[in-house]
Amino acid sequence: MSSLRTEGLTKAFGGVLAVDAATVELQDGKINALIGPNGSGKTTFFNLITGMIKPDSGRVLYREREITRHSPHRIAHAGIGRTFQLCRVFPRLTVLENLLVAVRRTRLRELLAGLHDKGEIERARHWLRRMGIEHLEDAEARDLSYGQQKLLELAAALMAEPDLVLLDEPAGGVNPALIDRIVSLVRDLNAEGRTFLVVEHNMDMVMSMCDHVIVFDRGAPIAEGPPSQVREDPRVLEAYLGV
Ligand SMILES: Nc1ncnc2c1ncn2[C@@H]1O[C@H](COP(=O)(O)OP(=O)(O)OP(=O)(O)O)[C@@H](O)[C@H]1O
């Protein structure tokens, strides 16, 4: 059973077919990985699912309902959260403020006017504790290390209580100790019932953390299965090595 699936999803930029008739089904309740060589369409696929860009053709279904061409806000509301390859936080807001605006961007004005919702502050503190950055609540986001900003971004995504979380290169630019922390956090969040789709180039992380691996090449899946199986697949080696 799958909560998210795509059918023939296609997106071209000029003459480049970034995502080419991709039919993909995620395993529900699992940590799914999306891997593939540079430029194989992984980030574009994420952007199509989360409504950041619109497909040329094909469909995205979540819980058997069509969400193709819905706005990013509506897709987030349906229960799909995400982080970005190059971390996106508001540099001049504090850590806590970043989480409060994450709930609803339109409330930025209220936030700046000092109007806080107590329940939301409690939830924000809960996620900061889970990320282990609660001591940084009043720091401006720009003063955090890159890895801490990634944890903040994950906390911001979790503020909307998503059932499906898309992580775009969570280990990119992060030191090994923090990678371990992110892995154990993702495992815990998954054990609590959240499904994950993780784009990641760090193969150690993919192989040790993920249950199901989908391999993209030239905009579409060429192989999928458990990590041990995918690692041995000649099509995957060929896509990566170009042999
Ligand atoms: N906004 C855009 N305009 C033009 N071309 C784009 C755009 N976004 C992506 N592309 C092209 O589409 C293809 C797929 O890119 P995409 O970023 O989705 O791949 P990726 O698998 O995420 O790569 P990486 O692993 O390097 O992050 C590439 O050829 C890329 O140059």
# chains A, B, ... in the order shown; residues from 1 in each chain; ligands from 1
>>> residues_near_ligand(ligand="ligand 1", cutoff="9 Å", atoms="only C-alpha atoms and all ligand atoms", output="VMD selection string")
chain A and resid 11 to 19 35 to 47 85 168 to 169 199 to 201 216 to 219
>>> residues_around(residues="A:Leu48", least_positions_apart="4", cutoff="10 Å", atoms="only C-alpha atoms", output="list of chain:residue names")
A:Thr6, A:Leu9, A:Thr10, A:Lys11, A:Val19, A:Lys42, A:Thr43, A:Thr44, A:Met52, A:Ile53, A:Lys54, A:Pro55, A:Asp56, A:Arg59, A:Val60, A:Thr68, A:Arg69, A:His70, A:Pro72
>>> atom_distance(atom1="atom CA of A:Ala156", atom2="atom CA of A:Asn98")
7.0 Å
>>> residues_around(residues="A:Val89", least_positions_apart="5", cutoff="8 Å", atoms="only C-alpha atoms", output="PDB file with N, CA and C atoms, in the first residue's frame")
ATOM      1  N   ASN A  98      11.511  31.151  13.552  1.00  0.00           N
ATOM      2  CA  ASN A  98      11.518  30.372  12.313  1.00  0.00           C
ATOM      3  C   ASN A  98      10.443  29.286  12.352  1.00  0.00           C
ATOM      4  N   ALA A 141      18.887  32.665  13.313  1.00  0.00           N
ATOM      5  CA  ALA A 141      19.171  31.458  12.540  1.00  0.00           C
ATOM      6  C   ALA A 141      20.513  31.561  11.813  1.00  0.00           C
ATOM      7  N   GLN A 149      21.337  24.485  11.210  1.00  0.00           N
ATOM      8  CA  GLN A 149      20.282  25.065  10.365  1.00  0.00           C
ATOM      9  C   GLN A 149      19.467  23.958   9.688  1.00  0.00           C
ATOM     10  N   LEU A 152      17.093  22.774  12.180  1.00  0.00           N
ATOM     11  CA  LEU A 152      16.028  23.770  12.316  1.00  0.00           C
ATOM     12  C   LEU A 152      15.032  23.644  11.160  1.00  0.00           C
ATOM     13  N   GLU A 153      15.547  23.432   9.979  1.00  0.00           N
ATOM     14  CA  GLU A 153      14.675  23.292   8.820  1.00  0.00           C
ATOM     15  C   GLU A 153      13.791  22.050   8.947  1.00  0.00           C
TER      16      GLU A 153
END
>>> select_by_dssp(residues="stretch 132-183 of chain A", states="strand (DSSP E)", output="VMD selection string")
chain A and resid 164 to 168
>>> closest_residue(among="A:Leu144, A:Val165, A:Leu100, A:Ile49", to="A:Arg74", atoms="only C-alpha atoms")
A:Ile49
>>> atom_distance(atom1="atom CA of A:Asp28", atom2="atom CA of A:Thr195")
5.9 Å
>>> select_by_dssp(residues="stretch 4-236 of chain A", states="helix (DSSP H, G or I)", output="PDB file with C-alpha atoms, in the first residue's frame")
ATOM      1  CA  LYS A  42      15.609  13.876  -8.256  1.00  0.00           C
ATOM      2  CA  THR A  43      15.160  17.468  -7.106  1.00  0.00           C
ATOM      3  CA  THR A  44      12.795  18.210  -9.977  1.00  0.00           C
ATOM      4  CA  PHE A  45      10.762  15.145  -8.924  1.00  0.00           C
ATOM      5  CA  PHE A  46      10.578  16.548  -5.356  1.00  0.00           C
ATOM      6  CA  ASN A  47       9.522  19.940  -6.686  1.00  0.00           C
ATOM      7  CA  LEU A  48       6.774  18.329  -8.765  1.00  0.00           C
ATOM      8  CA  ILE A  49       5.410  16.393  -5.782  1.00  0.00           C
ATOM      9  CA  PRO A  72       2.589  24.071  -2.287  1.00  0.00           C
ATOM     10  CA  HIS A  73       0.501  25.353   0.631  1.00  0.00           C
ATOM     11  CA  ARG A  74      -2.361  22.974  -0.127  1.00  0.00           C
ATOM     12  CA  ILE A  75       0.020  20.034  -0.550  1.00  0.00           C
ATOM     13  CA  ALA A  76       1.672  20.835   2.788  1.00  0.00           C
ATOM     14  CA  HIS A  77      -1.796  20.992   4.330  1.00  0.00           C
ATOM     15  CA  VAL A  95      15.258  29.875  15.867  1.00  0.00           C
ATOM     16  CA  LEU A  96      11.890  29.930  17.662  1.00  0.00           C
ATOM     17  CA  GLU A  97      10.475  32.527  15.261  1.00  0.00           C
ATOM     18  CA  ASN A  98      11.518  30.372  12.313  1.00  0.00           C
ATOM     19  CA  LEU A  99       9.288  27.592  13.627  1.00  0.00           C
ATOM     20  CA  LEU A 100       6.361  29.910  14.320  1.00  0.00           C
ATOM     21  CA  VAL A 101       6.366  31.319  10.782  1.00  0.00           C
ATOM     22  CA  ALA A 102       6.685  27.794   9.424  1.00  0.00           C
ATOM     23  CA  VAL A 103       3.166  27.052  10.640  1.00  0.00           C
ATOM     24  CA  ARG A 105       3.824  32.089   6.410  1.00  0.00           C
ATOM     25  CA  THR A 106       0.995  34.617   6.236  1.00  0.00           C
ATOM     26  CA  ARG A 107       1.304  35.102   9.971  1.00  0.00           C
ATOM     27  CA  LEU A 108       4.672  36.768   9.704  1.00  0.00           C
ATOM     28  CA  ARG A 109       3.121  40.156  10.433  1.00  0.00           C
ATOM     29  CA  GLU A 110       1.461  38.891  13.625  1.00  0.00           C
ATOM     30  CA  LEU A 111       4.697  37.281  14.641  1.00  0.00           C
ATOM     31  CA  LEU A 112       6.643  40.472  14.227  1.00  0.00           C
ATOM     32  CA  LYS A 118       0.917  29.613  23.259  1.00  0.00           C
ATOM     33  CA  GLY A 119       0.128  26.209  21.833  1.00  0.00           C
ATOM     34  CA  GLU A 120       2.333  26.848  18.823  1.00  0.00           C
ATOM     35  CA  ILE A 121       5.207  28.016  21.007  1.00  0.00           C
ATOM     36  CA  GLU A 122       4.915  24.789  23.006  1.00  0.00           C
ATOM     37  CA  ARG A 123       4.961  22.728  19.819  1.00  0.00           C
ATOM     38  CA  ALA A 124       7.935  24.672  18.513  1.00  0.00           C
ATOM     39  CA  ARG A 125       9.835  24.011  21.752  1.00  0.00           C
ATOM     40  CA  HIS A 126       8.920  20.346  21.558  1.00  0.00           C
ATOM     41  CA  TRP A 127      10.527  20.058  18.096  1.00  0.00           C
ATOM     42  CA  LEU A 128      13.573  22.061  19.141  1.00  0.00           C
ATOM     43  CA  ARG A 129      14.080  19.619  22.023  1.00  0.00           C
ATOM     44  CA  ARG A 130      13.698  16.659  19.659  1.00  0.00           C
ATOM     45  CA  MET A 131      16.381  18.176  17.396  1.00  0.00           C
ATOM     46  CA  GLU A 134      16.455  24.001  22.286  1.00  0.00           C
ATOM     47  CA  HIS A 135      19.319  25.982  23.839  1.00  0.00           C
ATOM     48  CA  LEU A 136      19.480  28.025  20.608  1.00  0.00           C
ATOM     49  CA  ALA A 141      19.171  31.458  12.540  1.00  0.00           C
ATOM     50  CA  ARG A 142      22.137  32.936  10.643  1.00  0.00           C
ATOM     51  CA  ASP A 143      24.349  32.337  13.711  1.00  0.00           C
ATOM     52  CA  TYR A 146      25.018  24.742   8.711  1.00  0.00           C
ATOM     53  CA  GLY A 147      24.166  21.409  10.351  1.00  0.00           C
ATOM     54  CA  GLN A 148      22.143  23.134  13.070  1.00  0.00           C
ATOM     55  CA  GLN A 149      20.282  25.065  10.365  1.00  0.00           C
ATOM     56  CA  LYS A 150      19.420  21.741   8.740  1.00  0.00           C
ATOM     57  CA  LEU A 151      17.973  20.517  12.041  1.00  0.00           C
ATOM     58  CA  LEU A 152      16.028  23.770  12.316  1.00  0.00           C
ATOM     59  CA  GLU A 153      14.675  23.292   8.820  1.00  0.00           C
ATOM     60  CA  LEU A 154      13.593  19.748   9.684  1.00  0.00           C
ATOM     61  CA  ALA A 155      11.889  21.051  12.841  1.00  0.00           C
ATOM     62  CA  ALA A 156      10.110  23.666  10.704  1.00  0.00           C
ATOM     63  CA  ALA A 157       8.872  20.955   8.342  1.00  0.00           C
ATOM     64  CA  LEU A 158       7.605  18.925  11.310  1.00  0.00           C
ATOM     65  CA  PRO A 176      29.729  12.969  10.526  1.00  0.00           C
ATOM     66  CA  ALA A 177      28.536  13.363  14.140  1.00  0.00           C
ATOM     67  CA  LEU A 178      25.530  15.359  13.004  1.00  0.00           C
ATOM     68  CA  ILE A 179      24.818  12.864  10.220  1.00  0.00           C
ATOM     69  CA  ASP A 180      24.506  10.174  12.913  1.00  0.00           C
ATOM     70  CA  ARG A 181      22.072  12.393  14.799  1.00  0.00           C
ATOM     71  CA  ILE A 182      19.987  13.004  11.683  1.00  0.00           C
ATOM     72  CA  VAL A 183      19.900   9.250  10.960  1.00  0.00           C
ATOM     73  CA  SER A 184      18.670   8.413  14.439  1.00  0.00           C
ATOM     74  CA  LEU A 185      16.112  11.233  14.327  1.00  0.00           C
ATOM     75  CA  VAL A 186      14.743  10.024  11.005  1.00  0.00           C
ATOM     76  CA  ARG A 187      14.557   6.464  12.369  1.00  0.00           C
ATOM     77  CA  ASP A 188      12.639   7.652  15.455  1.00  0.00           C
ATOM     78  CA  LEU A 189      10.288   9.825  13.404  1.00  0.00           C
ATOM     79  CA  ASN A 190       9.681   6.872  11.095  1.00  0.00           C
ATOM     80  CA  ALA A 191       9.004   4.531  14.032  1.00  0.00           C
ATOM     81  CA  MET A 203      25.572   5.979   0.076  1.00  0.00           C
ATOM     82  CA  ASP A 204      26.532   4.860   3.596  1.00  0.00           C
ATOM     83  CA  MET A 205      23.572   6.809   4.898  1.00  0.00           C
ATOM     84  CA  VAL A 206      21.222   5.474   2.222  1.00  0.00           C
ATOM     85  CA  MET A 207      22.278   1.863   2.681  1.00  0.00           C
ATOM     86  CA  SER A 208      22.144   1.917   6.479  1.00  0.00           C
ATOM     87  CA  MET A 209      19.052   4.056   7.003  1.00  0.00           C
ATOM     88  CA  PRO A 227      19.411  -1.548  -0.354  1.00  0.00           C
ATOM     89  CA  SER A 228      21.253  -4.890  -0.516  1.00  0.00           C
ATOM     90  CA  GLN A 229      19.564  -5.756  -3.816  1.00  0.00           C
ATOM     91  CA  VAL A 230      19.912  -2.340  -5.442  1.00  0.00           C
ATOM     92  CA  ARG A 231      23.618  -2.208  -4.578  1.00  0.00           C
ATOM     93  CA  GLU A 232      24.233  -5.298  -6.716  1.00  0.00           C
ATOM     94  CA  PRO A 234      24.032  -3.997 -12.869  1.00  0.00           C
ATOM     95  CA  ARG A 235      21.671  -1.277 -14.196  1.00  0.00           C
ATOM     96  CA  VAL A 236      22.475   0.864 -11.172  1.00  0.00           C
TER      97      VAL A 236
END
>>> residues_around(residues="A:Val213", least_positions_apart="4", cutoff="6 Å", atoms="only C-alpha atoms", output="list in words")
Asn32, Ala33, Glu224, Gly225, Pro226 and Pro227 of chain A
>>> residues_around(residues="A:Leu4", least_positions_apart="6", cutoff="6 Å", atoms="only C-alpha atoms", output="ChimeraX atom specification")
/A:26,61-62
>>> closest_residue(among="A:Ala220, A:Ala139, A:Leu166, A:Ala21", to="A:Phe196", atoms="only C-alpha atoms")
A:Leu166
>>> atom_distance(atom1="atom CA of A:Asn175", atom2="atom CA of A:Ser145")
10.4 Å
